[in-house]
$ cat data.cif   # mmCIF, C-alpha atoms
data_model
#
loop_
_atom_site.label_atom_id
_atom_site.label_comp_id
_atom_site.auth_asym_id
_atom_site.auth_seq_id
_atom_site.Cartn_x
_atom_site.Cartn_y
_atom_site.Cartn_z
CA MET I 65 31.10 33.27 17.49
CA GLU I 66 29.86 36.80 16.96
CA ILE I 67 26.98 38.58 18.69
CA ARG I 68 25.88 42.06 17.66
CA VAL I 69 23.09 44.20 19.06
CA GLN I 70 22.68 47.45 17.17
CA GLU I 71 20.25 50.17 16.18
CA ALA I 72 21.64 50.66 12.68
CA PRO I 73 20.35 48.73 9.67
CA PHE I 74 22.55 45.95 8.33
CA ASP I 75 23.30 44.63 4.85
CA PHE I 76 22.05 41.04 4.93
CA GLY I 77 23.81 40.07 1.68
CA ALA I 78 27.13 41.51 2.80
CA GLU I 79 26.85 39.84 6.22
CA CYS I 80 26.12 36.46 4.61
CA ALA I 81 29.01 36.84 2.18
CA ARG I 82 31.41 37.83 4.94
CA PHE I 83 30.26 34.95 7.15
CA ALA I 84 30.70 32.36 4.39
CA GLN I 85 33.97 33.73 3.06
CA GLY I 86 37.30 31.98 3.39
CA ARG I 87 36.06 28.77 4.96
CA GLU I 88 37.50 25.53 3.70
CA GLY I 89 36.89 23.03 6.44
CA ILE I 90 33.10 23.30 6.34
CA GLY I 91 30.45 22.30 3.85
CA ALA I 92 27.42 24.24 5.02
CA VAL I 93 26.26 27.73 5.93
CA VAL I 94 22.64 28.35 6.93
CA THR I 95 21.26 31.88 7.33
CA PHE I 96 17.94 33.30 8.49
CA CYS I 97 16.73 36.89 8.32
CA GLY I 98 13.70 38.28 10.19
CA ILE I 99 11.77 41.11 8.52
CA VAL I 100 9.22 43.61 9.90
CA ARG I 101 5.89 42.19 8.72
CA ASN I 102 2.94 44.47 8.09
CA ASP I 103 0.13 42.04 8.90
CA GLY I 104 -2.98 44.18 8.62
CA GLY I 105 -1.46 46.71 6.23
CA GLN I 106 -1.91 49.47 8.85
CA MET I 107 1.48 49.36 10.52
CA GLN I 108 3.70 52.39 10.05
CA ALA I 109 6.60 51.28 12.19
CA MET I 110 7.82 48.73 14.67
CA GLU I 111 9.72 49.76 17.76
CA ILE I 112 11.93 47.26 19.50
CA GLU I 113 12.96 47.89 23.08
CA HIS I 114 15.66 45.83 24.74
CA TYR I 115 17.52 45.44 28.01
CA PRO I 116 21.13 46.56 27.37
CA GLY I 117 23.51 44.24 29.16
CA MET I 118 21.08 41.39 29.66
CA THR I 119 20.44 41.22 25.91
CA GLU I 120 24.08 40.52 25.05
CA ARG I 121 24.35 38.11 27.97
CA ALA I 122 21.21 36.16 27.01
CA LEU I 123 22.26 35.97 23.35
CA ARG I 124 25.69 34.69 24.37
CA GLN I 125 24.13 31.99 26.56
CA ILE I 126 21.83 30.90 23.72
CA ALA I 127 24.78 30.84 21.30
CA GLU I 128 26.94 28.83 23.71
CA ASP I 129 24.10 26.38 24.26
CA ALA I 130 23.78 25.89 20.47
CA SER I 131 27.57 25.38 20.20
CA ARG I 132 27.43 22.63 22.82
CA ARG I 133 24.56 20.82 21.10
CA TRP I 134 25.83 20.87 17.52
CA ALA I 135 29.20 20.70 15.80
CA LEU I 136 29.40 24.30 14.61
CA ALA I 137 32.43 25.92 13.02
CA ASP I 138 30.97 29.37 13.71
CA LEU I 139 27.78 31.29 14.37
CA LEU I 140 26.53 34.84 14.13
CA ILE I 141 23.57 36.51 15.84
CA LEU I 142 22.73 40.08 14.84
CA HIS I 143 19.64 41.77 16.33
CA ARG I 144 18.48 45.36 15.95
CA TYR I 145 16.54 47.58 18.32
CA GLY I 146 14.84 50.93 17.86
CA ARG I 147 12.39 52.02 15.19
CA MET I 148 11.97 50.18 11.90
CA ARG I 149 9.59 50.39 8.97
CA PRO I 150 7.73 47.42 7.43
CA GLY I 151 10.08 45.51 5.16
CA GLU I 152 13.19 46.41 7.12
CA LYS I 153 15.39 43.62 8.39
CA ILE I 154 15.19 43.12 12.14
CA MET I 155 17.70 40.39 12.79
CA MET I 156 19.67 37.52 11.35
CA VAL I 157 21.42 34.35 12.39
CA ALA I 158 24.08 32.41 10.50
CA THR I 159 25.53 29.03 11.33
CA ALA I 160 28.42 27.14 9.75
CA SER I 161 29.14 23.41 10.04
CA THR I 162 30.78 20.51 8.26
CA HIS I 163 27.45 19.04 7.17
CA ARG I 164 24.13 20.86 6.72
CA ALA I 165 22.11 19.05 9.38
CA ASP I 166 23.98 20.73 12.25
CA ALA I 167 23.78 24.19 10.66
CA PHE I 168 20.01 23.88 9.99
CA ALA I 169 19.19 22.51 13.44
CA ALA I 170 21.32 25.11 15.23
CA ALA I 171 19.75 28.00 13.26
CA ASP I 172 16.27 26.68 14.10
CA PHE I 173 17.22 26.36 17.78
CA LEU I 174 18.69 29.88 17.87
CA MET I 175 15.48 31.33 16.43
CA ASP I 176 13.24 29.48 18.89
CA TYR I 177 15.27 30.77 21.83
CA LEU I 178 15.65 34.30 20.46
CA LYS I 179 11.86 34.58 20.29
CA SER I 180 11.21 34.07 23.97
CA ARG I 181 14.49 34.08 25.90
CA ALA I 182 16.21 37.23 24.69
CA PRO I 183 14.97 40.48 26.29
CA PHE I 184 13.45 42.24 23.29
CA TRP I 185 9.92 43.66 23.15
CA LYS I 186 8.16 44.65 19.94
CA LYS I 187 5.63 47.44 19.63
CA GLU I 188 3.55 47.93 16.50
CA ILE I 189 2.77 51.52 15.61
CA SER I 190 -0.02 52.56 13.26
CA ALA I 191 -1.43 56.02 12.44
CA ASP I 192 -3.81 56.05 15.39
CA SER I 193 -2.54 53.43 17.84
CA ALA I 194 0.43 51.63 19.31
CA ALA I 195 0.32 48.11 20.75
CA TRP I 196 2.89 45.83 22.33
CA VAL I 197 3.13 42.51 20.55
CA ALA I 198 1.96 39.69 22.83
CA ALA I 199 4.12 36.61 23.23
CA LYS I 200 2.53 33.54 21.68
CA ASP I 201 1.95 30.28 23.56
CA ALA I 202 3.31 28.55 20.46
CA ASP I 203 6.67 30.31 20.93
CA GLU I 204 6.95 28.93 24.45
CA ALA I 205 5.82 25.47 23.30
CA ALA I 206 8.47 25.54 20.56
CA LEU I 207 11.19 25.41 23.22
CA GLU I 208 9.95 22.07 24.53
CA ARG I 209 11.05 20.17 21.46
CA TRP I 210 14.67 20.98 22.30
CA GLY I 211 14.37 19.17 25.66
CA MET U 181 18.93 46.78 51.19
CA THR U 182 19.05 49.05 48.16
CA LEU U 183 18.02 47.73 44.77
CA GLU U 184 18.04 49.17 41.29
CA ILE U 185 14.70 48.28 39.71
CA LEU U 186 14.19 48.40 35.94
CA TYR U 187 10.91 48.27 34.01
CA PHE U 188 10.48 47.48 30.35
CA ALA U 189 7.76 47.67 27.67
CA TRP U 190 4.21 48.15 29.00
CA LEU U 191 5.39 47.84 32.62
CA ARG U 192 7.61 50.88 32.07
CA GLU U 193 4.71 52.74 30.47
CA ARG U 194 2.21 51.86 33.20
CA ILE U 195 4.54 52.78 36.02
CA GLY U 196 5.88 55.81 34.18
CA LEU U 197 9.55 55.14 34.94
CA PRO U 198 12.32 53.18 33.21
CA ARG U 199 14.20 52.61 36.48
CA GLU U 200 14.36 53.62 40.11
CA THR U 201 16.42 52.96 43.22
CA VAL U 202 14.43 51.34 46.00
CA THR U 203 15.28 50.67 49.62
CA THR U 204 13.46 47.58 50.81
CA GLN U 205 13.25 44.91 53.48
CA ALA U 206 11.88 42.37 50.98
CA THR U 207 13.71 39.03 50.96
CA THR U 208 12.11 37.55 47.83
CA VAL U 209 10.88 38.91 44.50
CA HIS U 210 7.33 38.21 45.61
CA ASP U 211 7.80 40.29 48.79
CA LEU U 212 9.16 43.12 46.67
CA ILE U 213 6.13 42.99 44.36
CA VAL U 214 3.79 43.14 47.37
CA GLU U 215 5.63 46.28 48.56
CA LEU U 216 5.51 47.88 45.13
CA ARG U 217 1.81 47.10 44.65
CA ALA U 218 1.02 48.88 47.91
CA ARG U 219 2.64 52.11 46.71
CA ASP U 220 -0.11 53.42 44.45
CA GLU U 221 -2.58 52.62 41.69
CA ARG U 222 0.02 52.62 38.90
CA TYR U 223 2.07 49.88 40.57
CA ALA U 224 -1.03 47.97 41.64
CA LEU U 225 -2.22 47.90 38.02
CA ALA U 226 1.18 47.08 36.57
CA PHE U 227 1.65 44.13 38.94
CA PHE U 228 -1.99 42.99 38.90
CA ASP U 229 -1.46 39.84 36.82
CA LEU U 230 1.83 38.10 37.60
CA SER U 231 1.30 35.54 34.84
CA ALA U 232 1.96 38.42 32.40
CA ILE U 233 5.25 39.37 34.06
CA ARG U 234 8.78 37.98 34.00
CA VAL U 235 11.62 38.91 36.33
CA ALA U 236 15.40 38.97 35.98
CA LEU U 237 17.84 39.26 38.90
CA ASP U 238 21.20 40.76 37.92
CA GLN U 239 20.28 40.10 34.28
CA GLU U 240 19.39 36.41 34.71
CA LEU U 241 15.80 35.17 34.46
CA ALA U 242 14.45 34.16 37.86
CA ASP U 243 11.28 32.97 39.61
CA PHE U 244 9.03 35.05 41.87
CA ASP U 245 10.10 33.06 44.93
CA ALA U 246 13.80 33.75 44.25
CA ASP U 247 15.89 35.17 47.08
CA LEU U 248 17.02 38.82 46.80
CA ALA U 249 20.14 38.36 48.96
CA ASN U 250 23.18 39.91 47.20
CA VAL U 251 21.05 41.03 44.26
CA ARG U 252 21.72 44.55 42.93
CA GLU U 253 19.50 44.83 39.88
CA VAL U 254 15.91 43.60 39.50
CA ALA U 255 14.12 43.91 36.16
CA PHE U 256 10.41 43.42 35.51
CA PHE U 257 9.07 42.97 31.99
CA PRO U 258 6.42 41.18 29.93
CA PRO U 259 7.18 37.89 28.12
CA MET U 260 9.88 38.56 25.55
CA THR U 261 9.13 38.95 21.84
CA GLY U 262 12.46 38.82 20.05
CA GLY U 263 13.41 37.32 16.71
#
$ encode --input "data.cif" --output "structure tokens"
Amino acid sequence: MEIRVQEAPFDFGAECARFAQGREGIGAVVTFCGIVRNDGGQMQAMEIEHYPGMTERALRQIAEDASRRWALADLLILHRYGRMRPGEKIMMVATASTHRADAFAAADFLMDYLKSRAPFWKKEISADSAAWVAAKDADEAALERWG
Amino acid sequence: MTLEILYFAWLRERIGLPRETVTTQATTVHDLIVELRARDERYALAFFDLSAIRVALDQELADFDADLANVREVAFFPPMTGG
């Protein structure tokens, strides 16, 4: 299990390759990458604030919860903070398991919990304004399906 | 009791501080919020709508009626938007 919180960009391809490399006992790796989306075309940058200390702790709890629920050989959570431009990669998760169902379900679970249980806050910056992204009711509702 | 209080995102901006050390008699998070609100307009505005605020005690999410006994660090922030 690996958890990384960093300001620097990451190489998604290289991370995926490294995560999948040298594994013989498993049959599946699932990866997800979140990208800064420029919805209205006006965004110049996204700033992500986080709570150092609690962030790592919350991510570890989410990862441990996923490891208890599914038979995972390994998992990786990487999440950036700081300022990013549209198109930049914000975060990724990777899960490895014997069969694909566990890896898919665990990745989906990790993403649902990362959205609303890890202390990150996004701010969208355009030429003439800056606005904190509001949490969506749907993100909270998404947690209910995991019981 | 002395507490380290941290503010994030728009709470930090509204209050104008990322963190501060506070000496308080409050026994619950809710008591602490009542004390903070009474300080001045910035705090009153920041803590106006509690449905828009989350709290963590020593880096664990908590409820507003949670006890502050043995707590060292209290953080207030809006609902999280990770991922």
$ resolve_selection --input "data.cif" --expression "the PyMOL selection byres ((chain U) within 9 of (chain I))" --output "PyMOL selection string"
chain U and resi 188-190+236+238-241+255+257-263
$ closest_residue --input "data.cif" --among "I:Arg164, I:Glu111, I:Glu88, I:Ala171" --to "Ile141 (chain I)" --atoms "only C-alpha atoms"
I:Ala171
$ closest_residue --input "data.cif" --among "I:Phe74, I:Trp134, I:Trp210, I:Phe168" --to "Phe96 (chain I)" --atoms "all atoms listed in the file"
I:Phe168
$ resolve_selection --input "data.cif" --expression "the PyMOL selection byres ((chain I and resi 80) around 12)" --output "PDB file with C-alpha atoms, keeping the file's coordinate frame"
ATOM      1  CA  PHE I  74      22.550  45.950   8.330  1.00  0.00           C
ATOM      2  CA  ASP I  75      23.300  44.630   4.850  1.00  0.00           C
ATOM      3  CA  PHE I  76      22.050  41.040   4.930  1.00  0.00           C
ATOM      4  CA  GLY I  77      23.810  40.070   1.680  1.00  0.00           C
ATOM      5  CA  ALA I  78      27.130  41.510   2.800  1.00  0.00           C
ATOM      6  CA  GLU I  79      26.850  39.840   6.220  1.00  0.00           C
ATOM      7  CA  ALA I  81      29.010  36.840   2.180  1.00  0.00           C
ATOM      8  CA  ARG I  82      31.410  37.830   4.940  1.00  0.00           C
ATOM      9  CA  PHE I  83      30.260  34.950   7.150  1.00  0.00           C
ATOM     10  CA  ALA I  84      30.700  32.360   4.390  1.00  0.00           C
ATOM     11  CA  GLN I  85      33.970  33.730   3.060  1.00  0.00           C
ATOM     12  CA  VAL I  93      26.260  27.730   5.930  1.00  0.00           C
ATOM     13  CA  VAL I  94      22.640  28.350   6.930  1.00  0.00           C
ATOM     14  CA  THR I  95      21.260  31.880   7.330  1.00  0.00           C
ATOM     15  CA  PHE I  96      17.940  33.300   8.490  1.00  0.00           C
ATOM     16  CA  CYS I  97      16.730  36.890   8.320  1.00  0.00           C
ATOM     17  CA  LEU I 139      27.780  31.290  14.370  1.00  0.00           C
ATOM     18  CA  LEU I 140      26.530  34.840  14.130  1.00  0.00           C
ATOM     19  CA  ILE I 141      23.570  36.510  15.840  1.00  0.00           C
ATOM     20  CA  LEU I 142      22.730  40.080  14.840  1.00  0.00           C
ATOM     21  CA  MET I 156      19.670  37.520  11.350  1.00  0.00           C
ATOM     22  CA  VAL I 157      21.420  34.350  12.390  1.00  0.00           C
ATOM     23  CA  ALA I 158      24.080  32.410  10.500  1.00  0.00           C
ATOM     24  CA  THR I 159      25.530  29.030  11.330  1.00  0.00           C
ATOM     25  CA  ALA I 160      28.420  27.140   9.750  1.00  0.00           C
TER      26      ALA I 160
END
$ residues_around --input "data.cif" --residues "Phe227 (chain U)" --least-positions-apart "5" --cutoff "10 Å" --atoms "all atoms listed in the file" --output "ChimeraX atom specification"
/U:191,194-195,213-214,216-217,221-222,232-233,256
$ decode --input "data.cif" --residues "region 93-205 of chain I" --atoms "C-alpha atoms" --output "PDB file, in the first residue's frame"
ATOM      1  CA  VAL I  93      -4.677  -3.826 -12.304  1.00  0.00           C
ATOM      2  CA  VAL I  94      -7.211  -0.983 -12.431  1.00  0.00           C
ATOM      3  CA  THR I  95      -6.114   2.663 -12.559  1.00  0.00           C
ATOM      4  CA  PHE I  96      -7.956   5.979 -12.458  1.00  0.00           C
ATOM      5  CA  CYS I  97      -6.576   9.447 -13.085  1.00  0.00           C
ATOM      6  CA  GLY I  98      -8.372  12.714 -12.230  1.00  0.00           C
ATOM      7  CA  ILE I  99      -7.689  15.723 -14.474  1.00  0.00           C
ATOM      8  CA  VAL I 100      -8.318  19.460 -13.976  1.00  0.00           C
ATOM      9  CA  ARG I 101     -11.459  20.088 -16.039  1.00  0.00           C
ATOM     10  CA  ASN I 102     -12.106  23.487 -17.575  1.00  0.00           C
ATOM     11  CA  ASP I 103     -15.911  23.432 -17.547  1.00  0.00           C
ATOM     12  CA  GLY I 104     -16.835  26.880 -18.791  1.00  0.00           C
ATOM     13  CA  GLY I 105     -13.606  27.458 -20.702  1.00  0.00           C
ATOM     14  CA  GLN I 106     -12.763  30.403 -18.416  1.00  0.00           C
ATOM     15  CA  MET I 107     -10.638  28.658 -15.820  1.00  0.00           C
ATOM     16  CA  GLN I 108      -6.979  29.594 -15.707  1.00  0.00           C
ATOM     17  CA  ALA I 109      -5.956  27.458 -12.783  1.00  0.00           C
ATOM     18  CA  MET I 110      -7.158  25.254  -9.984  1.00  0.00           C
ATOM     19  CA  GLU I 111      -5.742  25.571  -6.503  1.00  0.00           C
ATOM     20  CA  ILE I 112      -6.013  22.668  -4.118  1.00  0.00           C
ATOM     21  CA  GLU I 113      -5.599  23.287  -0.413  1.00  0.00           C
ATOM     22  CA  HIS I 114      -5.222  20.427   2.028  1.00  0.00           C
ATOM     23  CA  TYR I 115      -4.756  19.697   5.710  1.00  0.00           C
ATOM     24  CA  PRO I 116      -1.213  18.293   6.116  1.00  0.00           C
ATOM     25  CA  GLY I 117      -1.259  15.447   8.601  1.00  0.00           C
ATOM     26  CA  MET I 118      -4.977  14.770   8.446  1.00  0.00           C
ATOM     27  CA  THR I 119      -4.774  14.252   4.679  1.00  0.00           C
ATOM     28  CA  GLU I 120      -2.301  11.364   4.951  1.00  0.00           C
ATOM     29  CA  ARG I 121      -4.228   9.935   7.888  1.00  0.00           C
ATOM     30  CA  ALA I 122      -7.600  10.077   6.110  1.00  0.00           C
ATOM     31  CA  LEU I 123      -6.163   8.551   2.924  1.00  0.00           C
ATOM     32  CA  ARG I 124      -4.614   5.733   4.941  1.00  0.00           C
ATOM     33  CA  GLN I 125      -7.939   5.012   6.658  1.00  0.00           C
ATOM     34  CA  ILE I 126      -9.748   4.936   3.303  1.00  0.00           C
ATOM     35  CA  ALA I 127      -7.058   2.644   1.857  1.00  0.00           C
ATOM     36  CA  GLU I 128      -7.216   0.299   4.858  1.00  0.00           C
ATOM     37  CA  ASP I 129     -10.995   0.192   4.622  1.00  0.00           C
ATOM     38  CA  ALA I 130     -10.741  -0.784   0.927  1.00  0.00           C
ATOM     39  CA  SER I 131      -8.170  -3.483   1.791  1.00  0.00           C
ATOM     40  CA  ARG I 132     -10.554  -5.004   4.338  1.00  0.00           C
ATOM     41  CA  ARG I 133     -13.474  -5.060   1.905  1.00  0.00           C
ATOM     42  CA  TRP I 134     -11.744  -6.514  -1.149  1.00  0.00           C
ATOM     43  CA  ALA I 135      -8.957  -9.000  -1.797  1.00  0.00           C
ATOM     44  CA  LEU I 136      -6.296  -6.568  -2.986  1.00  0.00           C
ATOM     45  CA  ALA I 137      -2.677  -7.433  -3.666  1.00  0.00           C
ATOM     46  CA  ASP I 138      -1.747  -3.738  -3.531  1.00  0.00           C
ATOM     47  CA  LEU I 139      -3.075  -0.215  -3.898  1.00  0.00           C
ATOM     48  CA  LEU I 140      -1.734   3.238  -4.600  1.00  0.00           C
ATOM     49  CA  ILE I 141      -3.267   6.642  -3.884  1.00  0.00           C
ATOM     50  CA  LEU I 142      -1.442   9.715  -5.194  1.00  0.00           C
ATOM     51  CA  HIS I 143      -3.012  13.172  -4.721  1.00  0.00           C
ATOM     52  CA  ARG I 144      -1.545  16.574  -5.535  1.00  0.00           C
ATOM     53  CA  TYR I 145      -2.111  19.943  -3.908  1.00  0.00           C
ATOM     54  CA  GLY I 146      -1.183  23.464  -4.941  1.00  0.00           C
ATOM     55  CA  ARG I 147      -1.778  25.221  -8.242  1.00  0.00           C
ATOM     56  CA  MET I 148      -2.556  23.350 -11.456  1.00  0.00           C
ATOM     57  CA  ARG I 149      -3.592  24.327 -14.964  1.00  0.00           C
ATOM     58  CA  PRO I 150      -6.527  22.802 -16.887  1.00  0.00           C
ATOM     59  CA  GLY I 151      -5.487  19.450 -18.308  1.00  0.00           C
ATOM     60  CA  GLU I 152      -3.000  18.714 -15.550  1.00  0.00           C
ATOM     61  CA  LYS I 153      -3.367  15.497 -13.616  1.00  0.00           C
ATOM     62  CA  ILE I 154      -4.621  16.004 -10.073  1.00  0.00           C
ATOM     63  CA  MET I 155      -4.590  12.525  -8.630  1.00  0.00           C
ATOM     64  CA  MET I 156      -4.612   8.816  -9.349  1.00  0.00           C
ATOM     65  CA  VAL I 157      -5.509   5.528  -7.744  1.00  0.00           C
ATOM     66  CA  ALA I 158      -4.333   2.059  -8.719  1.00  0.00           C
ATOM     67  CA  THR I 159      -5.540  -1.269  -7.392  1.00  0.00           C
ATOM     68  CA  ALA I 160      -4.231  -4.776  -8.003  1.00  0.00           C
ATOM     69  CA  SER I 161      -6.096  -8.044  -7.398  1.00  0.00           C
ATOM     70  CA  THR I 162      -6.304 -11.643  -8.538  1.00  0.00           C
ATOM     71  CA  HIS I 163      -9.500 -11.032 -10.512  1.00  0.00           C
ATOM     72  CA  ARG I 164     -10.748  -7.747 -11.969  1.00  0.00           C
ATOM     73  CA  ALA I 165     -13.963  -7.406  -9.959  1.00  0.00           C
ATOM     74  CA  ASP I 166     -12.105  -6.608  -6.721  1.00  0.00           C
ATOM     75  CA  ALA I 167      -9.752  -4.132  -8.402  1.00  0.00           C
ATOM     76  CA  PHE I 168     -12.634  -2.276 -10.137  1.00  0.00           C
ATOM     77  CA  ALA I 169     -14.831  -2.138  -7.037  1.00  0.00           C
ATOM     78  CA  ALA I 170     -11.980  -1.009  -4.789  1.00  0.00           C
ATOM     79  CA  ALA I 171     -10.930   1.760  -7.209  1.00  0.00           C
ATOM     80  CA  ASP I 172     -14.541   2.966  -7.390  1.00  0.00           C
ATOM     81  CA  PHE I 173     -14.803   2.924  -3.588  1.00  0.00           C
ATOM     82  CA  LEU I 174     -11.509   4.807  -3.180  1.00  0.00           C
ATOM     83  CA  MET I 175     -12.706   7.540  -5.538  1.00  0.00           C
ATOM     84  CA  ASP I 176     -16.061   7.941  -3.787  1.00  0.00           C
ATOM     85  CA  TYR I 177     -14.356   8.342  -0.418  1.00  0.00           C
ATOM     86  CA  LEU I 178     -11.560  10.580  -1.727  1.00  0.00           C
ATOM     87  CA  LYS I 179     -14.193  13.013  -3.003  1.00  0.00           C
ATOM     88  CA  SER I 180     -15.773  13.762   0.334  1.00  0.00           C
ATOM     89  CA  ARG I 181     -13.710  12.217   3.147  1.00  0.00           C
ATOM     90  CA  ALA I 182     -10.189  13.403   2.393  1.00  0.00           C
ATOM     91  CA  PRO I 183      -9.420  16.999   3.462  1.00  0.00           C
ATOM     92  CA  PHE I 184      -8.819  18.644   0.099  1.00  0.00           C
ATOM     93  CA  TRP I 185     -10.550  21.816  -1.112  1.00  0.00           C
ATOM     94  CA  LYS I 186     -10.573  22.967  -4.721  1.00  0.00           C
ATOM     95  CA  LYS I 187     -10.653  26.576  -5.846  1.00  0.00           C
ATOM     96  CA  GLU I 188     -11.249  27.551  -9.460  1.00  0.00           C
ATOM     97  CA  ILE I 189      -9.389  30.623 -10.642  1.00  0.00           C
ATOM     98  CA  SER I 190     -10.330  32.602 -13.739  1.00  0.00           C
ATOM     99  CA  ALA I 191      -9.049  35.955 -15.039  1.00  0.00           C
ATOM    100  CA  ASP I 192     -11.433  38.006 -12.915  1.00  0.00           C
ATOM    101  CA  SER I 193     -12.641  35.724 -10.132  1.00  0.00           C
ATOM    102  CA  ALA I 194     -11.857  32.860  -7.803  1.00  0.00           C
ATOM    103  CA  ALA I 195     -14.441  30.482  -6.353  1.00  0.00           C
ATOM    104  CA  TRP I 196     -14.287  27.515  -4.016  1.00  0.00           C
ATOM    105  CA  VAL I 197     -15.814  24.420  -5.556  1.00  0.00           C
ATOM    106  CA  ALA I 198     -18.936  23.390  -3.625  1.00  0.00           C
ATOM    107  CA  ALA I 199     -19.341  19.793  -2.519  1.00  0.00           C
ATOM    108  CA  LYS I 200     -22.133  18.024  -4.382  1.00  0.00           C
ATOM    109  CA  ASP I 201     -25.007  16.224  -2.658  1.00  0.00           C
ATOM    110  CA  ALA I 202     -24.421  13.434  -5.170  1.00  0.00           C
ATOM    111  CA  ASP I 203     -20.898  12.900  -3.785  1.00  0.00           C
ATOM    112  CA  GLU I 204     -22.291  12.391  -0.298  1.00  0.00           C
ATOM    113  CA  ALA I 205     -25.074  10.130  -1.627  1.00  0.00           C
TER     114      ALA I 205
END
